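Chemist: To be precise about what I am sending: the file is called final-v7.cif and holds mmCIF, C-alpha atoms.
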data_target
#
loop_
_atom_site.label_atom_id
_atom_site.label_comp_id
_atom_site.auth_asym_id
_atom_site.auth_seq_id
_atom_site.Cartn_x
_atom_site.Cartn_y
_atom_site.Cartn_z
CA MET A 213 -2.90 -24.86 -8.14
CA LEU A 214 -6.08 -25.95 -6.40
CA GLY A 215 -7.31 -27.76 -9.50
CA TYR A 216 -9.40 -30.91 -9.34
CA GLY A 217 -7.66 -33.87 -10.92
CA TYR A 218 -6.60 -32.96 -14.42
CA TYR A 219 -9.25 -30.25 -14.83
CA PHE A 220 -8.23 -26.63 -15.04
CA ASP A 221 -9.44 -24.50 -12.16
CA PRO A 222 -11.35 -21.59 -13.79
CA THR A 223 -11.17 -19.51 -10.59
CA TYR A 224 -7.44 -19.16 -11.21
CA PHE A 225 -8.33 -16.42 -13.68
CA LEU A 226 -9.12 -14.24 -10.66
CA VAL A 227 -5.52 -14.64 -9.49
CA ILE A 228 -4.25 -13.83 -12.98
CA ILE A 229 -6.35 -10.66 -13.13
CA GLY A 230 -4.99 -9.57 -9.75
CA ALA A 231 -1.41 -10.24 -10.84
CA VAL A 232 -1.87 -8.27 -14.05
CA LEU A 233 -3.32 -5.32 -12.12
CA SER A 234 -0.39 -5.35 -9.70
CA ILE A 235 2.21 -5.54 -12.47
CA TRP A 236 0.52 -2.71 -14.38
CA ALA A 237 0.31 -0.49 -11.30
CA SER A 238 3.94 -1.14 -10.39
CA ALA A 239 5.10 -0.31 -13.91
CA ARG A 240 2.94 2.83 -13.90
CA VAL A 241 4.40 4.20 -10.67
CA ASN A 242 7.97 3.38 -11.69
CA ASN A 243 7.57 5.08 -15.08
CA THR A 244 5.84 8.14 -13.61
CA PHE A 245 8.39 8.52 -10.82
CA SER A 246 11.25 8.11 -13.30
CA LYS A 247 9.77 10.77 -15.58
CA TYR A 248 9.33 13.42 -12.89
CA SER A 249 12.60 12.52 -11.19
CA ARG A 250 14.16 14.40 -14.08
CA VAL A 251 12.19 17.57 -13.29
CA ARG A 252 14.05 19.75 -10.77
CA SER A 253 12.01 21.89 -8.39
CA MET A 254 12.35 25.67 -8.57
CA THR A 255 13.37 25.90 -4.89
CA GLY A 256 16.23 23.44 -5.27
CA MET A 257 15.19 21.67 -2.08
CA THR A 258 15.95 18.00 -1.63
CA GLY A 259 13.39 15.51 -0.43
CA ALA A 260 15.00 15.49 3.02
CA GLU A 261 14.98 19.28 3.25
CA ALA A 262 11.34 19.50 2.18
CA ALA A 263 10.40 16.83 4.72
CA ARG A 264 12.21 18.67 7.49
CA MET A 265 10.42 21.91 6.65
CA ILE A 266 6.99 20.27 6.54
CA LEU A 267 7.54 18.46 9.81
CA ASN A 268 8.71 21.63 11.54
CA TYR A 269 5.71 23.60 10.26
CA ASN A 270 3.44 20.96 11.77
CA GLY A 271 5.10 20.93 15.18
CA LEU A 272 6.91 17.66 14.53
CA GLY A 273 10.46 18.84 15.11
CA ASP A 274 11.12 15.73 17.20
CA VAL A 275 10.46 13.43 14.24
CA GLN A 276 13.79 12.43 12.72
CA VAL A 277 14.42 12.28 8.97
CA GLU A 278 16.76 9.45 8.07
CA HIS A 279 18.19 7.92 4.92
CA VAL A 280 17.34 4.32 4.04
CA SER A 281 18.73 2.29 1.15
CA GLY A 282 16.66 1.25 -1.84
CA SER A 283 14.33 2.91 -4.29
CA LEU A 284 10.83 3.98 -3.21
CA THR A 285 11.32 2.31 0.17
CA ASP A 286 10.22 5.54 1.85
CA HIS A 287 8.08 5.20 4.96
CA TYR A 288 7.12 6.76 8.27
CA ASP A 289 7.57 4.58 11.35
CA PRO A 290 5.06 5.65 14.03
CA ARG A 291 6.68 3.41 16.67
CA THR A 292 10.03 5.22 16.58
CA ARG A 293 8.70 8.48 15.11
CA VAL A 294 11.23 8.37 12.31
CA LEU A 295 10.63 9.30 8.67
CA ARG A 296 12.89 7.31 6.37
CA LEU A 297 13.60 8.41 2.81
CA SER A 298 15.14 6.19 0.16
CA ASP A 299 18.11 6.72 -2.15
CA SER A 300 15.79 8.06 -4.84
CA THR A 301 14.22 10.61 -2.49
CA TYR A 302 16.51 11.72 0.32
CA ALA A 303 19.11 13.80 -1.56
CA SER A 304 17.16 14.37 -4.78
CA GLY A 305 15.82 17.81 -5.65
CA SER A 306 13.27 16.52 -8.12
CA VAL A 307 9.54 17.18 -8.02
CA ALA A 308 8.94 13.44 -7.67
CA ALA A 309 11.27 13.11 -4.67
CA ILE A 310 9.72 16.08 -2.89
CA GLY A 311 6.25 14.70 -3.51
CA VAL A 312 7.11 11.31 -2.04
CA ALA A 313 8.78 12.94 0.98
CA ALA A 314 5.71 15.12 1.56
CA HIS A 315 3.46 12.07 1.33
CA GLU A 316 5.38 10.39 4.14
CA CYS A 317 5.13 13.61 6.14
CA GLY A 318 1.39 13.32 5.61
CA HIS A 319 1.50 10.03 7.53
CA ALA A 320 3.44 11.70 10.35
CA VAL A 321 0.77 14.41 10.58
CA GLN A 322 -1.95 11.74 10.55
CA HIS A 323 -0.20 10.07 13.46
CA LYS A 324 0.02 13.31 15.40
CA GLU A 325 -3.66 14.10 14.86
CA GLY A 326 -4.84 10.58 15.66
CA TYR A 327 -6.31 9.99 12.21
CA VAL A 328 -8.78 7.14 12.81
CA PRO A 329 -8.14 5.02 9.66
CA LEU A 330 -4.40 5.10 10.49
CA LYS A 331 -5.16 3.84 13.99
CA ILE A 332 -7.33 1.06 12.59
CA ARG A 333 -4.63 0.07 10.10
CA GLY A 334 -2.03 -0.01 12.86
CA ALA A 335 -4.22 -2.25 14.99
CA LEU A 336 -4.73 -4.60 12.04
CA VAL A 337 -1.02 -5.04 11.24
CA PRO A 338 -0.35 -8.14 13.41
CA VAL A 339 -3.66 -9.75 12.39
CA ALA A 340 -3.03 -8.96 8.72
CA ASN A 341 0.49 -10.42 8.84
CA PHE A 342 -0.90 -13.57 10.44
CA GLY A 343 -3.69 -13.76 7.87
CA SER A 344 -1.44 -13.28 4.84
CA MET A 345 0.96 -15.98 6.04
CA LEU A 346 -1.46 -18.65 7.22
CA GLY A 347 -4.89 -17.96 5.73
CA LEU A 348 -4.22 -19.23 2.22
CA PRO A 349 -2.14 -22.28 3.28
CA ILE A 350 -4.93 -23.37 5.65
CA VAL A 351 -7.51 -23.21 2.85
CA VAL A 352 -5.20 -25.05 0.45
CA LEU A 353 -4.56 -27.82 2.97
CA GLY A 354 -8.27 -28.11 3.63
CA LEU A 355 -9.10 -28.44 -0.06
CA VAL A 356 -6.21 -30.73 -1.03
CA PHE A 357 -6.59 -33.16 1.88
CA GLY A 358 -10.37 -33.05 2.03
CA LEU A 359 -10.56 -31.58 5.53
CA SER A 360 -13.79 -30.28 7.02
CA TYR A 361 -15.64 -27.30 5.59
CA THR A 362 -15.29 -25.56 8.97
CA PHE A 363 -11.49 -25.87 8.78
CA ILE A 364 -11.53 -24.24 5.34
CA GLN A 365 -13.82 -21.45 6.57
CA ILE A 366 -11.40 -20.68 9.40
CA GLY A 367 -8.65 -20.23 6.84
CA ILE A 368 -10.85 -17.90 4.78
CA TRP A 369 -11.70 -15.74 7.79
CA ILE A 370 -8.01 -15.50 8.69
CA PHE A 371 -7.14 -14.49 5.13
CA ALA A 372 -10.01 -11.96 5.16
CA ALA A 373 -8.13 -10.05 7.88
CA SER A 374 -5.32 -9.28 5.43
CA VAL A 375 -7.90 -8.17 2.85
CA LEU A 376 -9.46 -5.81 5.38
CA PHE A 377 -6.01 -4.34 6.02
CA GLN A 378 -5.57 -3.62 2.31
CA ILE A 379 -8.97 -1.91 2.17
CA VAL A 380 -8.32 0.25 5.23
CA THR A 381 -4.97 1.24 3.73
CA LEU A 382 -6.70 3.04 0.84
CA PRO A 383 -8.15 6.03 2.76
CA VAL A 384 -4.89 6.32 4.73
CA GLU A 385 -2.80 6.63 1.58
CA PHE A 386 -5.20 8.89 -0.31
CA ASN A 387 -5.49 11.19 2.68
CA ALA A 388 -1.70 11.39 3.08
CA SER A 389 -1.34 12.37 -0.58
CA GLY A 390 -4.05 15.01 -0.25
CA ARG A 391 -2.29 16.48 2.77
CA ALA A 392 1.03 16.42 0.93
CA LEU A 393 -0.25 18.41 -2.04
CA LYS A 394 -1.85 21.04 0.20
CA MET A 395 1.30 21.43 2.29
CA LEU A 396 3.63 21.62 -0.68
CA GLN A 397 1.72 24.54 -2.14
CA GLY A 398 0.76 26.10 1.18
CA TYR A 399 4.39 26.24 2.30
CA ASN A 400 5.57 27.43 -1.15
CA ILE A 401 7.76 24.38 -1.63
CA LEU A 402 6.36 23.72 -5.11
CA THR A 403 4.79 25.98 -7.70
CA GLU A 404 1.29 25.25 -8.99
CA GLU A 405 2.74 23.62 -12.11
CA GLU A 406 5.16 21.50 -10.07
CA ALA A 407 2.32 20.47 -7.76
CA GLY A 408 0.49 19.22 -10.85
CA TYR A 409 3.47 17.00 -11.69
CA CYS A 410 3.59 15.84 -8.08
CA ARG A 411 -0.11 14.96 -8.21
CA LYS A 412 0.62 12.61 -11.11
CA VAL A 413 3.40 10.90 -9.15
CA LEU A 414 1.26 10.44 -6.05
CA GLY A 415 -1.71 9.37 -8.16
CA ALA A 416 0.36 6.65 -9.79
CA ALA A 417 1.61 5.53 -6.38
CA ALA A 418 -1.98 5.31 -5.14
CA LEU A 419 -2.77 2.88 -7.94
CA THR A 420 -0.40 0.34 -6.39
CA TYR A 421 -2.53 0.31 -3.24
CA VAL A 422 -5.72 0.05 -5.26
CA ALA A 423 -4.25 -2.85 -7.23
CA ALA A 424 -3.10 -4.59 -4.04
CA ALA A 425 -6.57 -4.27 -2.53
CA ALA A 426 -8.24 -5.49 -5.73
CA SER A 427 -5.85 -8.44 -5.96
CA SER A 428 -6.58 -9.44 -2.35
CA ILE A 429 -10.34 -9.14 -2.88
CA LEU A 430 -10.14 -11.30 -6.01
CA GLN A 431 -8.12 -13.91 -4.14
CA LEU A 432 -10.70 -13.90 -1.34
CA LEU A 433 -13.50 -14.30 -3.89
CA ARG A 434 -11.65 -17.25 -5.38
CA LEU A 435 -11.33 -18.93 -1.99
CA LEU A 436 -15.04 -18.39 -1.33
CA LEU A 437 -15.92 -19.96 -4.69
CA LEU A 438 -13.66 -22.93 -4.04
CA SER A 439 -15.00 -23.46 -0.54
CA GLY A 440 -18.55 -23.19 -1.87
CA GLY A 441 -17.81 -25.94 -4.35
CA ARG A 442 -16.40 -28.08 -1.57
CA ARG A 443 -19.49 -27.51 0.62
CA ASP A 444 -21.78 -28.60 -2.22
CA ARG A 445 -19.89 -31.90 -2.44
CA ASP A 446 -20.01 -32.56 1.33
#
What does this structure look like when you write it as structure tokens?
Modeler:
Amino acid sequence: MLGYGYYFDPTYFLVIIGAVLSIWASARVNNTFSKYSRVRSMTGMTGAEAARMILNYNGLGDVQVEHVSGSLTDHYDPRTRVLRLSDSTYASGSVAAIGVAAHECGHAVQHKEGYVPLKIRGALVPVANFGSMLGLPIVVLGLVFGLSYTFIQIGIWIFAASVLFQIVTLPVEFNASGRALKMLQGYNILTEEEAGYCRKVLGAAALTYVAAAASSILQLLRLLLLSGGRRDRD
């Protein structure tokens, strides 16, 4: 893809590195979650019960906790104020499930407190979706059909919006995990040892966001290199 004639495009190695990072991070979180899904918490609480307790303690009794199908599809929806927990979390009493549920509660608390990075990420969602869908195709069309350098630059700037979204996501996710660990111990939901296991689960999950951001940055760097080569030939 995006080669010149029959010559191999060396910048494609950046894409390969990003893909490897993403695959590694995904495997890491799945393995870590699977491992600590077999460790039952001392309280016997399920992920849904822990989430309900945390939300109530933080004055979020109006936030609903719902079940959603899938594995690790857990999320908090700020538009409807609903916290959705997946099959692997909702009814499970494992340390891993409680940790994931608490992490999503962390997002709900961020929303309540008006956490600035969360607001910025929310504002970037439509722009990021637009950028991820159209940015790369615009650049590819510009390079393949020899369109103007300005046209290619527009595509890069559009794609850069999705990269910015990935970067802003990092403090949001790390902060939610930090809140989760404090609340789990502060509310006596997990013991100190169990919190240590939970920290490993949330740490592995955080790597997926780091890998996604790194992959996007590498892709952006590749586009900049390709557009620079095109400019030199114009």
Chemist: Using only C-alpha atoms, find the one residue out of A:Thr420, A:Ser374, A:Ser428, A:Thr301 that sits nearest to Ala262 (chain A).
Modeler: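 Using only C-alpha atoms, Ala262 (chain A) sits closest to A:Thr301.
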Chemist: Give me the residues of region 243-265 of chain A that have any atom at most 10 Å from an atom of region 317-321 of chain A; for each, the nearest atom pair and the distance in Å, rounded to one decimal. Use all atoms listed in the file, sort by chain and number, and format it as JSON lines.
Modeler:
{"residue": "A:Ala262", "atom": "CA", "partner": "A:Cys317", "partner_atom": "CA", "distance": 9.4}
{"residue": "A:Ala263", "atom": "CA", "partner": "A:Cys317", "partner_atom": "CA", "distance": 6.3}
{"residue": "A:Arg264", "atom": "CA", "partner": "A:Cys317", "partner_atom": "CA", "distance": 8.8}
{"residue": "A:Met265", "atom": "CA", "partner": "A:Cys317", "partner_atom": "CA", "distance": 9.9}
Chemist: Which residues come within 8 Å of Ser249 (chain A), counting only C-alpha atoms, excluding same-chain residues fewer than 6 positions away, as a list in words?
Modeler: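 What passes the distance filter is Ser306, Val307, Ala308 and Ala309 of chain A.
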Chemist: CA of Gly390 (chain A) to CA of Ala340 (chain A): how many Å, to one decimal?
Modeler: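 Separating CA of Gly390 (chain A) from CA of Ala340 (chain A) is a distance of 25.6 Å.
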Chemist: Using all atoms listed in the file for the distances, tell me which of A:His279, A:Lys331, A:Lys247, A:Arg252 is nearest to Val384 (chain A).
Modeler: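 That would be A:Lys331, the residue with the smallest distance to Val384 (chain A).
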Chemist: May I ask which of the residues A:Asn387, A:Ser427, A:Ser246, A:Asn268 is the closest one to Leu330 (chain A), counting only C-alpha atoms?
Modeler: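 The closest residue to Leu330 (chain A) is A:Asn387.
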Chemist: Here is a test: counting only C-alpha atoms, which residue of A:Leu272, A:Ala392, A:Ile266, A:Met257 is nearest to Ser304 (chain A)?
Modeler: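 Looking at the shortest contact to Ser304 (chain A), the residue is A:Met257.
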Chemist: Work out where the centre of an axis-aligned box around every listed atom of region 293-307 of chain A lies and how long its edges are once 4 Å is added on each side; give both in Å to one decimal as AutoDock Vina command-line options.
Modeler:
--center_x 13.9 --center_y 12.0 --center_z 3.5 --size_x 18.4 --size_y 19.6 --size_z 31.2
Chemist: Applied to this file, what does the PyMOL selection byres ((chain A and resi 223-226) around 7) return in terms of residues, put as a PDB file with C-alpha atoms, keeping the file's coordinate frame?
Modeler:
ATOM      1  CA  ASP A 221      -9.440 -24.500 -12.160  1.00  0.00           C
ATOM      2  CA  PRO A 222     -11.350 -21.590 -13.790  1.00  0.00           C
ATOM      3  CA  VAL A 227      -5.520 -14.640  -9.490  1.00  0.00           C
ATOM      4  CA  ILE A 228      -4.250 -13.830 -12.980  1.00  0.00           C
ATOM      5  CA  ILE A 229      -6.350 -10.660 -13.130  1.00  0.00           C
ATOM      6  CA  GLY A 230      -4.990  -9.570  -9.750  1.00  0.00           C
ATOM      7  CA  LEU A 430     -10.140 -11.300  -6.010  1.00  0.00           C
ATOM      8  CA  GLN A 431      -8.120 -13.910  -4.140  1.00  0.00           C
ATOM      9  CA  ARG A 434     -11.650 -17.250  -5.380  1.00  0.00           C
TER      10      ARG A 434
END
Chemist: Could you check the closest approach to Leu432 (chain A) for each of A:Ser389, A:Leu284, A:Ile370, A:Met345 and tell me which residue wins, using all atoms listed in the file?
Modeler: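 Selected residue with least distance to Leu432 (chain A): A:Ile370.
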